[in-house]
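Undergrad: What follows is work01.cif, made up of mmCIF, C-alpha atoms:
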```
data_final
#
loop_
_atom_site.label_atom_id
_atom_site.label_comp_id
_atom_site.auth_asym_id
_atom_site.auth_seq_id
_atom_site.Cartn_x
_atom_site.Cartn_y
_atom_site.Cartn_z
CA MET A 2 3.44 34.32 5.79
CA ARG A 3 1.58 37.60 5.33
CA THR A 4 3.42 40.90 5.38
CA PRO A 5 2.17 44.44 6.09
CA CYS A 6 2.14 45.03 2.32
CA GLY A 7 -0.33 42.34 1.30
CA PRO A 8 -0.70 38.68 0.51
CA PRO A 9 2.23 36.32 -0.21
CA SER A 10 1.48 36.60 -3.94
CA SER A 11 3.26 40.00 -4.13
CA PRO A 12 6.49 39.66 -2.08
CA ARG A 13 8.58 41.37 -4.77
CA ALA A 14 6.35 44.47 -4.84
CA CYS A 15 6.24 44.47 -1.05
CA LEU A 16 10.03 44.41 -0.81
CA THR A 17 10.33 47.19 -3.40
CA VAL A 18 7.91 49.50 -1.55
CA VAL A 19 9.33 48.83 1.91
CA GLY A 20 12.93 49.05 0.69
CA GLY A 21 12.24 52.36 -1.06
CA ALA A 22 10.55 53.78 2.03
CA PHE A 23 13.48 52.67 4.19
CA ALA A 24 16.00 54.28 1.83
CA LEU A 25 14.02 57.54 1.77
CA ASN A 26 13.80 57.50 5.57
CA GLN A 27 17.60 57.15 5.78
CA VAL A 28 18.28 59.88 3.21
CA LEU A 29 15.99 62.34 5.01
CA ALA A 30 17.77 61.47 8.26
CA TYR A 31 14.60 60.73 10.19
CA PRO A 32 15.22 59.13 13.58
CA PRO A 33 14.93 55.30 13.56
CA THR A 34 11.55 53.92 14.62
CA PHE A 35 9.97 50.49 15.11
CA ALA A 36 8.66 50.75 11.54
CA SER A 37 12.12 49.78 10.27
CA VAL A 38 11.31 46.20 11.32
CA GLY A 39 9.10 46.11 8.23
CA LEU A 40 12.23 45.87 6.09
CA TYR A 41 13.31 42.68 7.84
CA VAL A 42 9.84 41.21 7.45
CA ALA A 43 9.73 42.15 3.76
CA VAL A 44 13.17 40.61 3.11
CA TYR A 45 12.19 37.39 4.92
CA SER A 46 8.86 37.19 3.09
CA ALA A 47 10.54 37.64 -0.28
CA GLY A 48 12.99 34.83 0.49
CA ALA A 49 10.18 32.59 1.74
CA HIS A 50 7.81 33.11 -1.21
CA LEU A 51 9.89 33.95 -4.27
CA ALA A 52 10.62 30.74 -6.15
CA ARG A 53 13.87 32.14 -7.46
CA LEU A 54 15.85 35.35 -7.47
CA ARG A 55 17.57 36.16 -10.73
CA ARG A 56 21.19 37.16 -10.52
CA SER A 57 20.47 40.44 -12.29
CA ARG A 58 17.93 41.42 -9.66
CA ALA A 59 20.24 40.40 -6.82
CA ALA A 60 22.99 42.48 -8.39
CA LEU A 61 20.56 45.38 -8.83
CA ALA A 62 19.59 45.21 -5.15
CA THR A 63 23.27 45.18 -4.16
CA VAL A 64 24.01 48.18 -6.42
CA GLY A 65 21.02 50.01 -5.00
CA TYR A 66 22.25 49.41 -1.47
CA ALA A 67 25.75 50.61 -2.48
CA VAL A 68 24.23 53.79 -3.94
CA LEU A 69 22.31 54.34 -0.70
CA VAL A 70 25.49 53.88 1.33
CA ALA A 71 27.36 56.34 -0.90
CA THR A 72 24.52 58.86 -0.66
CA LEU A 73 24.33 58.62 3.12
CA SER A 74 28.11 58.95 3.41
CA GLY A 75 28.03 62.01 1.15
CA LEU A 76 25.37 63.57 3.35
CA GLY A 77 27.65 63.21 6.35
CA SER A 78 26.18 60.11 7.98
CA PRO A 79 28.17 59.13 11.09
CA THR A 80 27.74 55.44 10.25
CA ARG A 81 30.95 53.83 8.99
CA ILE A 82 31.38 51.41 6.08
CA PRO A 83 31.82 48.32 8.34
CA ALA A 84 28.46 49.05 9.95
CA PHE A 85 26.79 49.35 6.52
CA LEU A 86 28.43 46.07 5.50
CA ALA A 87 27.26 44.33 8.69
CA PHE A 88 23.70 45.58 8.09
CA TYR A 89 23.84 44.23 4.53
CA LEU A 90 25.00 40.83 5.80
CA VAL A 91 22.11 40.79 8.30
CA LEU A 92 19.69 41.33 5.43
CA VAL A 93 21.34 38.48 3.49
CA VAL A 94 21.01 36.14 6.49
CA ILE A 95 17.32 37.04 6.87
CA TRP A 96 16.82 36.40 3.14
CA MET A 97 18.54 33.02 3.38
CA ALA A 98 16.36 32.09 6.39
CA GLY A 99 13.26 32.76 4.31
CA THR A 100 14.72 30.76 1.43
CA GLY A 101 15.42 27.83 3.76
CA VAL A 102 11.83 27.87 4.99
CA ARG A 103 10.56 27.93 1.40
CA ARG A 104 12.70 24.92 0.45
CA TRP A 105 11.67 23.01 3.56
CA ARG A 106 8.02 23.70 2.78
CA ALA A 107 8.46 22.48 -0.80
CA GLU A 108 10.24 19.32 0.34
CA GLU A 109 7.55 18.61 2.93
CA LEU A 110 4.86 19.00 0.27
CA GLU A 111 6.74 16.60 -2.00
CA ARG A 112 7.13 14.08 0.84
CA ARG A 113 3.40 14.21 1.51
CA ARG A 114 2.65 13.78 -2.18
CA LEU A 115 4.93 10.74 -2.41
CA ALA A 116 3.49 9.27 0.80
CA ALA A 117 -0.03 9.67 -0.58
CA ALA A 118 1.01 8.05 -3.87
CA VAL A 119 2.57 5.11 -2.02
CA ALA A 120 -0.53 4.74 0.15
CA ARG A 121 -2.77 4.71 -2.93
CA SER A 122 -0.52 2.14 -4.61
CA ASP A 123 -0.54 -0.08 -1.51
CA GLU A 124 -4.30 0.16 -1.25
CA ARG A 125 -4.76 -0.75 -4.91
CA ALA A 126 -2.45 -3.74 -4.42
CA ARG A 127 -4.39 -4.83 -1.32
CA ILE A 128 -7.72 -4.58 -3.15
CA ALA A 129 -6.28 -6.51 -6.11
CA ARG A 130 -5.08 -9.28 -3.75
CA GLU A 131 -8.46 -9.56 -2.06
CA LEU A 132 -10.36 -9.61 -5.35
CA HIS A 133 -8.01 -12.22 -6.76
CA ASP A 134 -8.33 -14.43 -3.68
CA VAL A 135 -12.13 -14.23 -3.59
CA VAL A 136 -13.00 -14.30 -7.28
CA THR A 137 -10.38 -16.72 -8.61
CA HIS A 138 -11.02 -19.41 -6.01
CA HIS A 139 -14.79 -19.49 -6.25
CA VAL A 140 -14.95 -19.06 -10.03
CA THR A 141 -12.41 -21.86 -10.47
CA ALA A 142 -14.46 -24.13 -8.22
CA MET A 143 -17.64 -23.29 -10.16
CA VAL A 144 -15.95 -23.98 -13.52
CA VAL A 145 -14.65 -27.35 -12.33
CA GLN A 146 -18.04 -28.26 -10.87
CA ALA A 147 -19.80 -27.17 -14.06
CA ASP A 148 -17.45 -29.27 -16.21
CA ALA A 149 -18.06 -32.31 -14.06
CA THR A 150 -21.84 -31.74 -14.04
CA GLN A 151 -21.82 -31.39 -17.82
CA TYR A 152 -20.22 -34.82 -18.06
CA LEU A 153 -22.58 -36.37 -15.50
CA VAL A 154 -25.71 -35.17 -17.32
CA SER A 155 -25.10 -37.79 -20.01
CA VAL A 156 -23.73 -40.65 -17.90
CA ARG A 157 -25.17 -40.16 -14.40
CA PRO A 158 -28.16 -37.82 -14.55
CA ASP A 159 -29.06 -38.67 -10.96
CA ARG A 160 -25.78 -37.15 -9.74
CA ALA A 161 -25.97 -34.06 -11.94
CA VAL A 162 -28.34 -32.45 -9.44
CA ASP A 163 -25.66 -32.64 -6.77
CA GLY A 164 -23.28 -30.79 -9.08
CA LEU A 165 -25.79 -28.04 -9.69
CA VAL A 166 -26.35 -27.67 -5.96
CA ALA A 167 -22.60 -27.42 -5.41
CA ILE A 168 -22.35 -24.69 -8.08
CA SER A 169 -25.20 -22.80 -6.44
CA ASP A 170 -23.63 -23.04 -2.97
CA THR A 171 -20.25 -21.90 -4.30
CA GLY A 172 -21.85 -18.92 -6.03
CA ARG A 173 -23.62 -17.88 -2.83
CA LEU A 174 -20.38 -18.14 -0.87
CA ALA A 175 -18.63 -16.00 -3.49
CA LEU A 176 -21.36 -13.36 -3.25
CA THR A 177 -21.09 -13.36 0.55
CA GLU A 178 -17.35 -12.76 0.48
CA LEU A 179 -17.68 -10.10 -2.23
CA ARG A 180 -20.28 -8.26 -0.17
CA HIS A 181 -17.93 -8.39 2.80
CA LEU A 182 -15.09 -7.02 0.69
CA LEU A 183 -17.29 -4.21 -0.65
CA GLY A 184 -18.32 -3.39 2.91
CA VAL A 185 -14.66 -3.04 3.86
CA LEU A 186 -13.93 -0.82 0.85
CA GLU A 187 -16.89 1.42 1.63
CA ALA A 188 -15.75 1.66 5.29
CA THR A 189 -19.33 1.13 6.44
CA GLY A 190 -18.29 -0.83 9.50
CA GLU A 191 -20.67 -3.63 8.50
CA SER A 192 -17.86 -6.15 8.15
CA ALA A 193 -16.80 -5.69 11.75
CA SER A 194 -20.17 -6.74 13.06
CA SER A 195 -21.44 -9.18 10.45
CA GLY A 196 -18.93 -11.94 11.13
CA ARG A 197 -18.82 -12.87 7.45
CA ALA A 198 -15.13 -12.26 6.94
CA PRO A 199 -13.10 -15.38 6.11
CA VAL A 200 -11.44 -16.63 9.29
CA LEU A 201 -9.25 -19.54 10.28
CA GLY A 202 -12.23 -21.42 11.69
CA ARG A 203 -13.77 -21.64 8.23
CA VAL A 204 -10.96 -23.50 6.50
CA GLY A 205 -13.07 -26.63 6.70
CA ASP A 206 -15.50 -24.99 4.26
CA LEU A 207 -12.69 -24.67 1.72
CA VAL A 208 -11.83 -28.33 2.09
CA GLU A 209 -15.46 -29.38 1.69
CA GLN A 210 -15.85 -27.15 -1.35
CA ALA A 211 -12.78 -28.69 -3.00
CA ARG A 212 -14.06 -32.20 -2.27
CA ARG A 213 -17.42 -31.40 -3.85
CA SER A 214 -15.50 -30.22 -6.92
CA GLY A 215 -13.93 -33.67 -7.24
CA GLN A 216 -10.62 -32.96 -5.56
CA PRO A 217 -9.54 -35.67 -3.05
CA VAL A 218 -8.36 -33.55 -0.13
CA GLU A 219 -6.95 -34.90 3.11
CA TRP A 220 -7.11 -32.28 5.86
CA SER A 221 -5.48 -32.60 9.28
CA GLU A 222 -5.07 -30.21 12.18
CA GLU A 223 -2.32 -30.53 14.76
CA GLY A 224 -1.92 -28.73 18.07
CA ARG A 225 -4.41 -26.77 20.12
CA ARG A 226 -6.22 -24.06 18.23
CA ARG A 227 -5.62 -20.63 19.81
CA THR A 228 -7.11 -17.22 19.28
CA VAL A 229 -5.01 -15.35 16.71
CA PRO A 230 -5.25 -11.82 15.27
CA ASP A 231 -7.72 -11.43 12.42
CA ALA A 232 -4.91 -10.61 9.98
CA VAL A 233 -3.12 -13.87 10.83
CA GLY A 234 -6.29 -15.95 10.51
CA LEU A 235 -7.17 -14.32 7.20
CA ALA A 236 -3.65 -14.89 5.83
CA ALA A 237 -3.79 -18.59 6.75
CA TYR A 238 -7.23 -18.85 5.16
CA ARG A 239 -5.96 -17.24 1.96
CA VAL A 240 -2.95 -19.57 1.81
CA MET A 241 -5.22 -22.61 1.91
CA GLN A 242 -7.60 -20.97 -0.56
CA GLU A 243 -4.82 -20.29 -3.04
CA GLY A 244 -3.34 -23.77 -2.64
CA LEU A 245 -6.68 -25.49 -3.23
CA THR A 246 -7.46 -23.18 -6.16
CA ASN A 247 -4.17 -24.12 -7.82
CA ALA A 248 -4.94 -27.78 -7.18
CA LEU A 249 -8.35 -27.49 -8.85
CA ARG A 250 -6.96 -25.57 -11.82
CA HIS A 251 -3.69 -27.38 -12.48
CA ALA A 252 -4.08 -30.79 -10.84
CA PRO A 253 -7.76 -31.81 -10.96
CA GLY A 254 -8.39 -35.16 -9.33
CA ARG A 255 -4.92 -35.36 -7.79
CA PRO A 256 -4.56 -36.29 -4.12
CA THR A 257 -4.00 -33.17 -2.04
CA THR A 258 -2.99 -32.90 1.61
CA VAL A 259 -3.61 -29.87 3.82
CA PRO A 260 -2.01 -30.07 7.28
CA LEU A 261 -2.60 -27.12 9.64
CA ARG A 262 -0.25 -26.96 12.62
CA HIS A 263 -0.75 -24.73 15.67
CA SER A 264 1.97 -23.63 18.07
CA PRO A 265 2.21 -20.80 20.62
CA GLU A 266 4.57 -18.87 18.34
CA HIS A 267 3.22 -19.42 14.84
CA LEU A 268 0.79 -21.09 12.47
CA GLU A 269 2.04 -23.44 9.79
CA ILE A 270 -0.17 -24.32 6.86
CA GLU A 271 0.80 -26.47 3.91
CA VAL A 272 -1.02 -27.46 0.72
CA THR A 273 0.64 -30.25 -1.28
CA CYS A 274 -0.57 -31.67 -4.60
CA TYR A 275 0.85 -35.05 -5.55
CA PRO A 276 1.73 -36.23 -9.08
CA ALA A 277 -0.46 -38.42 -11.23
CA SER A 278 1.25 -41.63 -10.10
CA SER A 279 -0.25 -41.10 -6.63
CA ALA A 280 -3.80 -40.58 -7.88
CA ALA A 281 -4.52 -44.25 -8.08
CA THR A 282 -4.19 -44.69 -4.33
CA SER A 283 -5.94 -41.56 -3.14
CA GLY A 284 -8.54 -40.65 -5.74
CA THR A 285 -9.46 -40.55 -9.40
CA PRO A 286 -8.86 -37.76 -11.87
CA SER A 287 -11.72 -35.46 -12.77
CA PRO A 288 -13.76 -36.95 -15.64
CA ALA A 289 -14.07 -33.54 -17.29
CA ARG A 290 -10.36 -32.65 -17.26
CA PRO A 291 -7.60 -35.20 -17.81
CA ALA A 292 -4.75 -35.10 -15.33
CA ALA A 293 -1.29 -34.05 -16.45
CA THR A 294 1.89 -35.81 -15.49
CA ALA A 295 3.28 -33.01 -13.33
CA VAL A 296 1.89 -30.35 -11.08
CA SER A 297 3.37 -26.92 -11.85
CA PRO A 298 1.02 -23.97 -11.34
CA PRO A 299 2.49 -20.77 -12.77
CA ALA A 300 3.88 -18.16 -10.43
CA GLY A 301 1.17 -15.57 -11.04
CA ARG A 302 -0.57 -12.82 -9.11
CA GLY A 303 -1.95 -15.22 -6.49
CA ILE A 304 1.32 -16.53 -5.06
CA ALA A 305 2.99 -13.12 -5.41
CA GLY A 306 0.14 -11.49 -3.49
CA LEU A 307 0.26 -14.21 -0.83
CA ARG A 308 3.99 -13.78 -0.39
CA GLU A 309 3.52 -10.04 0.17
CA ARG A 310 0.63 -10.62 2.60
CA VAL A 311 2.64 -13.12 4.65
CA ARG A 312 5.76 -10.95 4.54
CA LEU A 313 3.87 -8.03 6.05
CA LEU A 314 3.05 -10.31 8.99
CA ASP A 315 6.73 -11.23 9.41
CA GLY A 316 6.01 -14.70 8.07
CA ASP A 317 7.56 -16.82 5.36
CA LEU A 318 5.98 -18.43 2.31
CA GLU A 319 7.50 -21.13 0.12
CA ALA A 320 6.07 -22.33 -3.17
CA GLY A 321 7.65 -24.81 -5.55
CA PRO A 322 7.71 -28.34 -6.95
CA THR A 323 8.34 -31.37 -4.77
CA PRO A 324 10.96 -34.03 -5.60
CA GLU A 325 8.15 -36.45 -6.52
CA GLY A 326 6.78 -34.10 -9.18
CA GLY A 327 4.04 -32.47 -7.15
CA PHE A 328 3.70 -28.93 -5.89
CA ARG A 329 3.80 -27.56 -2.35
CA LEU A 330 2.64 -24.24 -0.93
CA ARG A 331 3.80 -23.72 2.66
CA ALA A 332 3.47 -20.71 4.96
CA VAL A 333 4.69 -20.06 8.49
CA ILE A 334 2.97 -17.06 10.08
CA PRO A 335 3.79 -15.69 13.56
CA THR A 336 0.73 -15.51 15.78
CA ILE A 337 1.86 -12.11 17.11
CA PRO A 338 3.29 -10.19 14.11
CA THR A 339 5.25 -7.02 14.72
CA ARG A 340 3.74 -5.32 11.71
CA SER A 341 0.11 -4.84 10.76
CA SER A 342 -1.59 -6.39 7.83
CA PRO A 343 -2.20 -4.27 4.78
#
```
Write out the structure in this file as structure tokens.
TA:
Amino acid sequence: MRTPCGPPSSPRACLTVVGGAFALNQVLAYPPTFASVGLYVAVYSAGAHLARLRRSRAALATVGYAVLVATLSGLGSPTRIPAFLAFYLVLVVIWMAGTGVRRWRAEELERRRLAAAVARSDERARIARELHDVVTHHVTAMVVQADATQYLVSVRPDRAVDGLVAISDTGRLALTELRHLLGVLEATGESASSGRAPVLGRVGDLVEQARRSGQPVEWSEEGRRRTVPDAVGLAAYRVMQEGLTNALRHAPGRPTTVPLRHSPEHLEIEVTCYPASSAATSGTPSPARPAATAVSPPAGRGIAGLRERVRLLDGDLEAGPTPEGGFRLRAVIPTIPTRSSP
């Protein structure tokens, strides 16, 4: 707040000049004018802009006012002591009002700073989740496909070409999704019109990609597919992507089931990897990577990020071992969430 004496950077000097002029006006017994309002403005401005008032200066101001009162009384002022005291209390109230405004302004600035910090943190976490989901899945698939192709070069050269084609297709898909993600980060609006964002209708591509990597995947879809918000479709897509990525990394060649269930209220998606004892009936382990006896992917960034993504949509995600020794990732996501996706 600007005062008649200058910018907010000099409230102390302003108060000194205006206070001195007011005291001189009273001593010389000039009639009161509208200019006396300047004292109230100066007191308020000092309270609103001075970060602190030292006790010595407050005591000095009080002593100065007492000297002024004594001087005016000695000069025969008709004003009584209670009136001087009431005027002093009015000045204190005005000062405190300015101080309250200054504190409120500082608290509001701190709230905005904290809100901006939280927003930046949330955005970094969202970007990290997207990068993890895109990069980890496709790179894992390419590594598994490359390992298998390396083995086939010596034993089945005729099938090695298929492996190279699968690696090439996976790389192109990874580049497509990365370009989409960069378009979102740059806020160019390209992603909204390009239709390249991962959606629920493209989960079949994930299944086909896993099968080409040597993972025996059984996919089923129950219920009538309905139009769902983009955030819900993307979350379901990422759940399947993470589940199949874990299967490729930690249970290569194991039988894996992926049921997708539609209902009017929610989507339910489940990715289950079965233990090695079931591989004989549903598929064979990858020739490049021997199968372990249990499926136990570590609880890393992927599942933690998925849990946060699903939670923001008011859904629920469960991840853990099955009684048979496998691993199950299951998510239930409302089709009409009450909160928006990050």
Undergrad: Show which residues sit within 12 Å of stretch 311-321 of chain A, as a PyMOL selection string. Count all atoms listed in the file, and ignore same-chain residues fewer than 2 positions away.
TA: chain A and resi 123+127+230-241+243-244+247+266-274+296-301+303-309+323-343
Undergrad: Go ahead and save the picked residues with C-alpha atoms, as a PDB file, keeping the file's coordinate frame.
TA:
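See out-v7.pdb below for the written result:
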```
ATOM      1  CA  ASP A 123      -0.540  -0.080  -1.510  1.00  0.00           C
ATOM      2  CA  ARG A 127      -4.390  -4.830  -1.320  1.00  0.00           C
ATOM      3  CA  PRO A 230      -5.250 -11.820  15.270  1.00  0.00           C
ATOM      4  CA  ASP A 231      -7.720 -11.430  12.420  1.00  0.00           C
ATOM      5  CA  ALA A 232      -4.910 -10.610   9.980  1.00  0.00           C
ATOM      6  CA  VAL A 233      -3.120 -13.870  10.830  1.00  0.00           C
ATOM      7  CA  GLY A 234      -6.290 -15.950  10.510  1.00  0.00           C
ATOM      8  CA  LEU A 235      -7.170 -14.320   7.200  1.00  0.00           C
ATOM      9  CA  ALA A 236      -3.650 -14.890   5.830  1.00  0.00           C
ATOM     10  CA  ALA A 237      -3.790 -18.590   6.750  1.00  0.00           C
ATOM     11  CA  TYR A 238      -7.230 -18.850   5.160  1.00  0.00           C
ATOM     12  CA  ARG A 239      -5.960 -17.240   1.960  1.00  0.00           C
ATOM     13  CA  VAL A 240      -2.950 -19.570   1.810  1.00  0.00           C
ATOM     14  CA  MET A 241      -5.220 -22.610   1.910  1.00  0.00           C
ATOM     15  CA  GLU A 243      -4.820 -20.290  -3.040  1.00  0.00           C
ATOM     16  CA  GLY A 244      -3.340 -23.770  -2.640  1.00  0.00           C
ATOM     17  CA  ASN A 247      -4.170 -24.120  -7.820  1.00  0.00           C
ATOM     18  CA  GLU A 266       4.570 -18.870  18.340  1.00  0.00           C
ATOM     19  CA  HIS A 267       3.220 -19.420  14.840  1.00  0.00           C
ATOM     20  CA  LEU A 268       0.790 -21.090  12.470  1.00  0.00           C
ATOM     21  CA  GLU A 269       2.040 -23.440   9.790  1.00  0.00           C
ATOM     22  CA  ILE A 270      -0.170 -24.320   6.860  1.00  0.00           C
ATOM     23  CA  GLU A 271       0.800 -26.470   3.910  1.00  0.00           C
ATOM     24  CA  VAL A 272      -1.020 -27.460   0.720  1.00  0.00           C
ATOM     25  CA  THR A 273       0.640 -30.250  -1.280  1.00  0.00           C
ATOM     26  CA  CYS A 274      -0.570 -31.670  -4.600  1.00  0.00           C
ATOM     27  CA  VAL A 296       1.890 -30.350 -11.080  1.00  0.00           C
ATOM     28  CA  SER A 297       3.370 -26.920 -11.850  1.00  0.00           C
ATOM     29  CA  PRO A 298       1.020 -23.970 -11.340  1.00  0.00           C
ATOM     30  CA  PRO A 299       2.490 -20.770 -12.770  1.00  0.00           C
ATOM     31  CA  ALA A 300       3.880 -18.160 -10.430  1.00  0.00           C
ATOM     32  CA  GLY A 301       1.170 -15.570 -11.040  1.00  0.00           C
ATOM     33  CA  GLY A 303      -1.950 -15.220  -6.490  1.00  0.00           C
ATOM     34  CA  ILE A 304       1.320 -16.530  -5.060  1.00  0.00           C
ATOM     35  CA  ALA A 305       2.990 -13.120  -5.410  1.00  0.00           C
ATOM     36  CA  GLY A 306       0.140 -11.490  -3.490  1.00  0.00           C
ATOM     37  CA  LEU A 307       0.260 -14.210  -0.830  1.00  0.00           C
ATOM     38  CA  ARG A 308       3.990 -13.780  -0.390  1.00  0.00           C
ATOM     39  CA  GLU A 309       3.520 -10.040   0.170  1.00  0.00           C
ATOM     40  CA  THR A 323       8.340 -31.370  -4.770  1.00  0.00           C
ATOM     41  CA  PRO A 324      10.960 -34.030  -5.600  1.00  0.00           C
ATOM     42  CA  GLU A 325       8.150 -36.450  -6.520  1.00  0.00           C
ATOM     43  CA  GLY A 326       6.780 -34.100  -9.180  1.00  0.00           C
ATOM     44  CA  GLY A 327       4.040 -32.470  -7.150  1.00  0.00           C
ATOM     45  CA  PHE A 328       3.700 -28.930  -5.890  1.00  0.00           C
ATOM     46  CA  ARG A 329       3.800 -27.560  -2.350  1.00  0.00           C
ATOM     47  CA  LEU A 330       2.640 -24.240  -0.930  1.00  0.00           C
ATOM     48  CA  ARG A 331       3.800 -23.720   2.660  1.00  0.00           C
ATOM     49  CA  ALA A 332       3.470 -20.710   4.960  1.00  0.00           C
ATOM     50  CA  VAL A 333       4.690 -20.060   8.490  1.00  0.00           C
ATOM     51  CA  ILE A 334       2.970 -17.060  10.080  1.00  0.00           C
ATOM     52  CA  PRO A 335       3.790 -15.690  13.560  1.00  0.00           C
ATOM     53  CA  THR A 336       0.730 -15.510  15.780  1.00  0.00           C
ATOM     54  CA  ILE A 337       1.860 -12.110  17.110  1.00  0.00           C
ATOM     55  CA  PRO A 338       3.290 -10.190  14.110  1.00  0.00           C
ATOM     56  CA  THR A 339       5.250  -7.020  14.720  1.00  0.00           C
ATOM     57  CA  ARG A 340       3.740  -5.320  11.710  1.00  0.00           C
ATOM     58  CA  SER A 341       0.110  -4.840  10.760  1.00  0.00           C
ATOM     59  CA  SER A 342      -1.590  -6.390   7.830  1.00  0.00           C
ATOM     60  CA  PRO A 343      -2.200  -4.270   4.780  1.00  0.00           C
TER      61      PRO A 343
END
```
Undergrad: Quick one: pull the distance between atom CA of A:Arg310 and atom CA of A:Val135, Å, one decimal.
TA: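 Spanning atom CA of A:Arg310 to atom CA of A:Val135 is a straight-line distance of 14.6 Å.
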Undergrad: What's around stretch 208-211 of chain A at 9 Å? Count only C-alpha atoms, leave out sequence neighbours fewer than 5 positions away in its own chain, and write the answer as a short mmCIF file (atom, residue, chain, number, x, y, z; two decimals) with C-alpha atoms, keeping the file's coordinate frame.
TA:
```
data_model
loop_
_atom_site.label_atom_id
_atom_site.label_comp_id
_atom_site.auth_asym_id
_atom_site.auth_seq_id
_atom_site.Cartn_x
_atom_site.Cartn_y
_atom_site.Cartn_z
CA ALA A 142 -14.46 -24.13 -8.22
CA ALA A 167 -22.60 -27.42 -5.41
CA ASP A 170 -23.63 -23.04 -2.97
CA THR A 171 -20.25 -21.90 -4.30
CA GLN A 216 -10.62 -32.96 -5.56
CA PRO A 217 -9.54 -35.67 -3.05
CA VAL A 218 -8.36 -33.55 -0.13
CA GLU A 219 -6.95 -34.90 3.11
CA TRP A 220 -7.11 -32.28 5.86
CA MET A 241 -5.22 -22.61 1.91
CA GLN A 242 -7.60 -20.97 -0.56
CA LEU A 245 -6.68 -25.49 -3.23
CA THR A 246 -7.46 -23.18 -6.16
CA ALA A 248 -4.94 -27.78 -7.18
CA LEU A 249 -8.35 -27.49 -8.85
CA VAL A 259 -3.61 -29.87 3.82
#
```
Undergrad: Just the residues within 10 Å of A:Val19, please, counting all atoms listed in the file, with nothing from its chain fewer than 4 positions along; format it as a PyMOL selection string.
TA: chain A and resi 5-6+14-15+23-25+36-44
Undergrad: Check what the PyMOL selection byres ((chain A and resi 160-164) around 9) selects in the file above and give those residues as a list in words.
TA: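 So the PyMOL selection byres ((chain A and resi 160-164) around 9), applied here, picks out Gln146, Ala147, Ala149, Thr150, Gln151, Tyr152, Leu153, Val154, Ser155, Arg157, Pro158, Asp159, Leu165, Val166, Ala167, Ile168, Ser169, Arg213 and Ser214 of chain A.
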Undergrad: Measure the distance from atom CA of A:Arg112 to atom CA of A:Leu51 in Å and round it to one decimal.
TA: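 Result for atom CA of A:Arg112 versus atom CA of A:Leu51: 20.7 Å, one decimal.
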Undergrad: To one decimal place, how far is atom CA of A:Ala87 from atom CA of A:Thr63 in Å?
TA: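 Separation between atom CA of A:Ala87 and atom CA of A:Thr63: 13.5 Å.
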Undergrad: Could you work out an axis-aligned bounding box for all listed atoms of stretch 147-150 of chain A, with 5 Å added on each of the six sides, and give its centre and edge lengths in Å to one decimal, as AutoDock Vina command-line options?
TA:
```
--center_x -19.6 --center_y -29.7 --center_z -15.1 --size_x 14.4 --size_y 15.1 --size_z 12.2
```
Undergrad: Which one is closest to A:Arg103: A:Ala62, A:His139, A:Arg81, A:Tyr45? Count all atoms listed in the file.
TA: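 Using all atoms listed in the file, A:Arg103 sits closest to A:Tyr45.
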Undergrad: Would it be fine to have stretch 237-269 of chain A, with C-alpha atoms, given as a short mmCIF file (atom, residue, chain, number, x, y, z; two decimals), in the first residue's frame?
TA:
```
data_model
loop_
_atom_site.label_atom_id
_atom_site.label_comp_id
_atom_site.auth_asym_id
_atom_site.auth_seq_id
_atom_site.Cartn_x
_atom_site.Cartn_y
_atom_site.Cartn_z
CA ALA A 237 -6.29 -50.13 -17.35
CA TYR A 238 -3.82 -50.18 -20.24
CA ARG A 239 -0.94 -49.40 -17.88
CA VAL A 240 -2.00 -52.14 -15.45
CA MET A 241 -1.86 -54.74 -18.21
CA GLN A 242 1.39 -53.27 -19.50
CA GLU A 243 3.03 -53.48 -16.09
CA GLY A 244 1.74 -57.00 -15.47
CA LEU A 245 3.02 -58.30 -18.80
CA THR A 246 6.35 -56.50 -18.33
CA ASN A 247 6.83 -58.21 -14.96
CA ALA A 248 5.92 -61.53 -16.56
CA LEU A 249 8.54 -61.06 -19.29
CA ARG A 250 11.21 -59.97 -16.84
CA HIS A 251 10.63 -62.33 -13.92
CA ALA A 252 8.71 -65.27 -15.38
CA PRO A 253 9.75 -65.75 -19.03
CA GLY A 254 7.92 -68.59 -20.70
CA ARG A 255 5.42 -69.00 -17.86
CA PRO A 256 1.71 -69.26 -18.66
CA THR A 257 0.02 -65.92 -18.07
CA THR A 258 -3.69 -65.11 -18.02
CA VAL A 259 -5.17 -61.66 -18.59
CA PRO A 260 -8.94 -61.43 -18.03
CA LEU A 261 -10.58 -58.03 -18.63
CA ARG A 262 -14.06 -57.65 -17.16
CA HIS A 263 -16.49 -54.83 -18.00
CA SER A 264 -19.39 -53.71 -15.85
CA PRO A 265 -21.47 -50.51 -15.74
CA GLU A 266 -19.73 -49.41 -12.53
CA HIS A 267 -16.10 -50.42 -13.00
CA LEU A 268 -13.39 -52.13 -15.00
CA GLU A 269 -11.55 -55.11 -13.57
#
```
